[in-house]
Amino acid sequence: MEHITHLINGESVKSEHTLAVTNPSTGEVIRQVAEGRREDVERAIAAAQAAFPAWRDTPPAKRAQVMYRFKQLLEDNAERLVQLVSEEHGKTPEDALGELKRGIENVEYACGVPELLKGEYSHNVGPGIDAWSNFQPLGVVAGITPFNFPAMVPLWMYPMAIACGNTFVLKPSEKDPSAAHAVAALLKEAGLPDGVMNVVHGGREAVETLLDAKAIKAISFVGSTPVAEAIYSRGTANGKRVQALGGAKNHAVVLPDADLENAANTLMGAAFGSCGERCMAISVAVCVGDETADRLVETLLPKIAALKVGPGTDKGLDMGPLVTAEHRDKVLGYIEEGVRSGAKLVADGRELTVKGHENGYFVGGCLFDHVKRDMRIYQEEIFGPVLCVVRVGSLDDAMQLINDHKYGNGTCLFTRDGEAARRFTDAIEVGMVGVNVPLPVPVAYHSFGGWKRSLFGDLHAYGPDSVRFYTRRKAVSQRWPSVSEATRAEFSFPANQN
Ligand code: NAD
């Protein structure tokens with residue numbers, strides 16, 4: 001059986017400890033992945049430390065050239081990468097290609113690093129004094145990534161970190177590690193020196209070694225909120241810069257004037273695409289007025305019944321399986337809990353079976369109506385194909401509901417009313433907002449991040465914030481007095497004011 005190795009200092013490094021990787025469409029173990037122990041992680045960190053001085057001193061334009069070649073290699077290898085994502089995650093090939101393309105956009109942005117690192121310059125800030133700020137790399141930085149975007153989320157991190165002159169250790173999800181591994185392996189072919197990019201697989205022990213290692217200067221984490229919070233507090237207590245992106249409960253508000261057919265169509269993709277395993281998935285539709293709710297439910301029901309569900313490796317489907325048996329059971333548990341707590345399950349996907357794939361982890365589309373704010377299915381992230389309808393009386397009630405929720409990743413408003421849209425975008429306490437755009441994932445040249453318990457740290461992921469996250473500012477003031485110029489001791493604080 002194929003063994004996915006670590007990638008340390010440009011070499012494949014086997015481990016005697018391994019974890020099973022399963023194809024969620026069949027339930028079969030298809031690969032083994034190395035399970036990184038303390039010594040593996042320390043070896044990767046040492047390789048990254050050794051590679052840092054030369055990489056830091058490599059001109060940004062030369063670092064950018066590696067990113068240009070990397071982008072080309074990603075495009076050339078797209079078919080193989082998509083297959084790895086679909087095989088281990090279970091998302092459809094079309095969806096996997098979408099995530100790869102969004103990942104490549106981050107590489108394209110990193111190609112502009114000479115411009116992004118240009119710094120700031122001021123001539124003559126004082127008599128004969130010039131000042132500038134530049135942005136220097138931090139050293140060795142690390143990334144820890146979730147299962148749900150095995151190709152894209154790592155690409156949010158290391159292209160920019162490396163382009164800025166840092167060296168990197170990545171710990172991908174152990175549930176679907178092949179795509180992250182195969183993507184990172186292309187960097188060697190793109191001409192990246194050995195040791196600049198390293199991949200260590202595994203679970204908690206690997207992560208904790210990264211968190212405690214003195215040499216690691218910054219950590220980017222993406223995953224569930226409890227783990228994000230723990231990573232943030234341990235990493236920052238150890239003196240590291242940390243950004244930790246967590247879970248979500250994303251609401252779409254539907255106003256009575258919205259184009260219902262359009263809203264329902266886009267909601268279907270946003271709620272059930274990738275089987276609901278997206279941190280930006282819409283999991284709550286907040287309908288203003290009972291009539292809006294009745295009409296929306298009526299429009300959604302036949303679309304949910306028509307969802308094409310099957311093995312992630314097949315083309316032309318809407319949805320694959322959930323990622324693991326454990327996760328499927330957790331999602332089923334939430335559905336049962338929702339029924340018990342009195343919500344009305346108007347579309348029930350629990351009994352779905354896929355012919356020929358009876359051991360796959362499939363759950364069909366589910367729709368709950370009359371969900372109340374104190375129910376667990378409303379409060380918690382389910383991360384499955386479950387959409388909840390909450391009925392409210394006004395836009396203000398809808399906004400209050402969203403602002404009261406502990407998560408603040410993404411949200412969307414469906415309306416034709418510009419004034420309502422402006423009020424919503426101004427006052428909603430959520431990091432990423434759409435108007436008639438249910439998945440408002442920012443493009444690579446903006447930055448991605450939620451508010452409240454969806455992000456711990458100050459800076460968002462990728463885009464302009466990532467340049468700031470992966471560098472530290474240095475401000476230099478410089479004066480070259482002529483030898484004849486008289487100087488004298490100045491005891492008062494220097495200022496330009498008269
Ligand atoms: P997860 O938190 O279980 O795992 C994320 C990473 O942390 C993995 O690499 C895993 O090995 C590691 N990990 C897990 N438990 C750990 C522990 N106790 N100690 C140290 N490391 C640990 O998340 P997941 O199930 O892989 O991904 C789904 C979650 O990620 C969802 O909550 C989703 O909302 C969130 N997510 C958020 C964003 C975002 O941008 N906000 C993006 C994608 C996914």
# chains A, B, ... in the order shown; residues from 1 in each chain; ligands from 1
>>> residues_near_ligand(ligand="ligand 1", cutoff="9 Å", atoms="only C-alpha atoms and all ligand atoms", output="PyMOL selection string")
chain A and resi 143-149+153+171-175+201-208+221-228+230-231+244-249+277-281+327+381-383+409+448-450+454-455+461
>>> closest_atom_pairs(of="segment 138-257 of chain A", to="segment 386-390 of chain A", cutoff="12 Å", atoms="only C-alpha atoms", output="Markdown table")
| residue | atom | partner | partner_atom | distance |
| --- | --- | --- | --- | --- |
| A:Lys249 | CA | A:Cys388 | CA | 10.5 |
| A:Asn250 | CA | A:Leu387 | CA | 10.3 |
| A:His251 | CA | A:Cys388 | CA | 9.3 |
| A:Ala252 | CA | A:Val389 | CA | 9.6 |
| A:Val253 | CA | A:Val390 | CA | 9.4 |
| A:Val254 | CA | A:Val389 | CA | 10.2 |
>>> residues_around(residues="Glu16 of chain A", least_positions_apart="2", cutoff="10 Å", atoms="only C-alpha atoms", output="list in words")
Lys14, Thr18, Ala34, Glu35 and Gly36 of chain A
>>> select_by_dssp(residues="segment 94-283 of chain A", states="strand (DSSP E or B)", output="PyMOL selection string")
chain A and resi 120-126+129-137+140-144+167-171+197-199+216-222+241-245+250-254+282-283
>>> residues_around(residues="Val443 of chain A", least_positions_apart="6", cutoff="12 Å", atoms="only C-alpha atoms", output="mmCIF file with N, CA and C atoms, in the first residue's frame")
data_model
loop_
_atom_site.group_PDB
_atom_site.id
_atom_site.type_symbol
_atom_site.label_atom_id
_atom_site.label_comp_id
_atom_site.auth_asym_id
_atom_site.auth_seq_id
_atom_site.Cartn_x
_atom_site.Cartn_y
_atom_site.Cartn_z
ATOM 1 N N LYS A 101 -8.057 25.969 -8.222
ATOM 2 C CA LYS A 101 -7.936 27.255 -8.931
ATOM 3 C C LYS A 101 -7.853 28.421 -7.946
ATOM 4 N N ARG A 102 -8.678 28.360 -6.888
ATOM 5 C CA ARG A 102 -8.622 29.433 -5.882
ATOM 6 C C ARG A 102 -7.273 29.414 -5.166
ATOM 7 N N GLY A 103 -6.695 28.223 -5.007
ATOM 8 C CA GLY A 103 -5.355 28.130 -4.415
ATOM 9 C C GLY A 103 -4.313 28.751 -5.331
ATOM 10 N N ILE A 104 -4.433 28.466 -6.631
ATOM 11 C CA ILE A 104 -3.465 29.005 -7.611
ATOM 12 C C ILE A 104 -3.508 30.533 -7.613
ATOM 13 N N GLU A 105 -4.688 31.111 -7.375
ATOM 14 C CA GLU A 105 -4.774 32.585 -7.318
ATOM 15 C C GLU A 105 -3.839 33.154 -6.248
ATOM 16 N N ASN A 106 -3.647 32.394 -5.171
ATOM 17 C CA ASN A 106 -2.735 32.862 -4.121
ATOM 18 C C ASN A 106 -1.281 32.805 -4.572
ATOM 19 N N GLU A 108 -0.435 33.246 -7.700
ATOM 20 C CA GLU A 108 -0.337 34.407 -8.616
ATOM 21 C C GLU A 108 -0.083 35.692 -7.820
ATOM 22 N N TYR A 109 -0.790 35.831 -6.704
ATOM 23 C CA TYR A 109 -0.596 37.035 -5.885
ATOM 24 C C TYR A 109 0.832 37.082 -5.344
ATOM 25 N N TRP A 156 -3.063 29.078 0.848
ATOM 26 C CA TRP A 156 -3.305 30.390 1.460
ATOM 27 C C TRP A 156 -2.054 30.847 2.206
ATOM 28 N N MET A 432 -16.947 38.504 6.589
ATOM 29 C CA MET A 432 -17.065 38.449 5.123
ATOM 30 C C MET A 432 -18.557 38.461 4.752
ATOM 31 N N GLY A 449 -11.023 36.316 6.425
ATOM 32 C CA GLY A 449 -11.062 36.072 7.866
ATOM 33 C C GLY A 449 -12.406 36.429 8.459
ATOM 34 N N ALA A 461 -6.194 35.920 6.754
ATOM 35 C CA ALA A 461 -5.338 35.045 5.950
ATOM 36 C C ALA A 461 -5.195 35.605 4.531
ATOM 37 N N TYR A 462 -4.197 35.241 3.879
ATOM 38 C CA TYR A 462 -3.785 35.581 2.494
ATOM 39 C C TYR A 462 -3.980 37.056 2.151
ATOM 40 N N GLY A 463 -3.699 37.421 0.889
ATOM 41 C CA GLY A 463 -3.859 38.812 0.462
ATOM 42 C C GLY A 463 -2.928 39.752 1.220
ATOM 43 N N PRO A 464 -3.268 41.042 1.238
ATOM 44 C CA PRO A 464 -2.381 42.035 1.865
ATOM 45 C C PRO A 464 -2.051 41.728 3.328
#
>>> closest_residue(among="A:Val242, A:Leu413, A:Met197, A:Leu192", to="His460 of chain A", atoms="only C-alpha atoms")
A:Val242
>>> closest_residue(among="A:Leu255, A:Val476, A:Ala420, A:Ile428", to="Asn403 of chain A", atoms="only C-alpha atoms")
A:Ile428
>>> closest_residue(among="A:Tyr470, A:Phe491, A:Tyr121, A:Trp451", to="Pro159 of chain A", atoms="only C-alpha atoms")
A:Tyr470
>>> closest_residue(among="A:Ala50, A:Val441, A:Ala398, A:Ala110", to="Phe424 of chain A", atoms="only C-alpha atoms")
A:Ala398
>>> closest_residue(among="A:Gly384, A:Pro154, A:Gly393, A:Gly360", to="Pro256 of chain A", atoms="only C-alpha atoms")
A:Gly393
>>> residues_around(residues="Leu186 of chain A", least_positions_apart="2", cutoff="8 Å", atoms="only C-alpha atoms", output="compact mmCIF listing (two decimals) with N, CA, C and O atoms, in the first residue's frame")
# COMPACT_ATOMS: atom_id res chain seq x y z
N PHE A 70 6.01 27.49 -10.21
CA PHE A 70 5.11 26.69 -9.36
C PHE A 70 3.68 26.77 -9.90
O PHE A 70 2.98 25.77 -10.02
N LEU A 73 3.32 24.61 -12.90
CA LEU A 73 3.31 23.19 -12.54
C LEU A 73 1.98 22.77 -11.92
O LEU A 73 1.49 21.67 -12.16
N LEU A 74 1.39 23.67 -11.14
CA LEU A 74 0.08 23.36 -10.56
C LEU A 74 -0.96 23.17 -11.66
O LEU A 74 -1.80 22.27 -11.61
N ALA A 182 1.35 16.41 -2.49
CA ALA A 182 1.71 16.45 -3.92
C ALA A 182 1.89 17.89 -4.40
O ALA A 182 2.78 18.17 -5.23
N VAL A 183 1.09 18.81 -3.89
CA VAL A 183 1.23 20.22 -4.28
C VAL A 183 2.58 20.75 -3.80
O VAL A 183 3.34 21.34 -4.56
N ALA A 184 2.91 20.49 -2.54
CA ALA A 184 4.17 21.01 -1.98
C ALA A 184 5.38 20.40 -2.69
O ALA A 184 6.40 21.07 -2.88
N LYS A 188 9.89 21.77 -5.46
CA LYS A 188 11.29 21.37 -5.77
C LYS A 188 11.52 21.48 -7.28
O LYS A 188 12.52 22.03 -7.72
N GLU A 189 10.53 20.96 -8.02
CA GLU A 189 10.61 21.02 -9.49
C GLU A 189 10.60 22.48 -9.97
O GLU A 189 11.16 22.80 -11.02
N ALA A 190 9.95 23.34 -9.20
CA ALA A 190 9.89 24.76 -9.57
C ALA A 190 11.20 25.48 -9.26
O ALA A 190 11.34 26.66 -9.56
>>> closest_residue(among="A:Pro177, A:Leu187, A:Ala46, A:Ser25", to="Val85 of chain A", atoms="only C-alpha atoms")
A:Pro177
>>> closest_atom_pairs(of="segment 188-239 of chain A", to="segment 1-6 of chain A", cutoff="9 Å", atoms="only C-alpha atoms", output="tab-separated table")
residue	atom	partner	partner_atom	distance
A:Asn198	CA	A:His6	CA	7.8
A:Val199	CA	A:His6	CA	5.6
A:Val200	CA	A:His6	CA	4.9
A:His201	CA	A:His6	CA	6.1
>>> atom_distance(atom1="atom CA of Arg472 of chain A", atom2="atom CA of Leu170 of chain A")
20.8 Å
>>> select_by_dssp(residues="segment 183-341 of chain A", states="helix (DSSP H, G or I)", output="PyMOL selection string")
chain A and resi 183-189+204-212+225-237+260-276+290-305+325-340
>>> atom_distance(atom1="atom CA of Val141 of chain A", atom2="atom CA of Val33 of chain A")
22.7 Å
>>> atom_distance(atom1="atom CA of Leu352 of chain A", atom2="atom CA of Thr22 of chain A")
20.3 Å
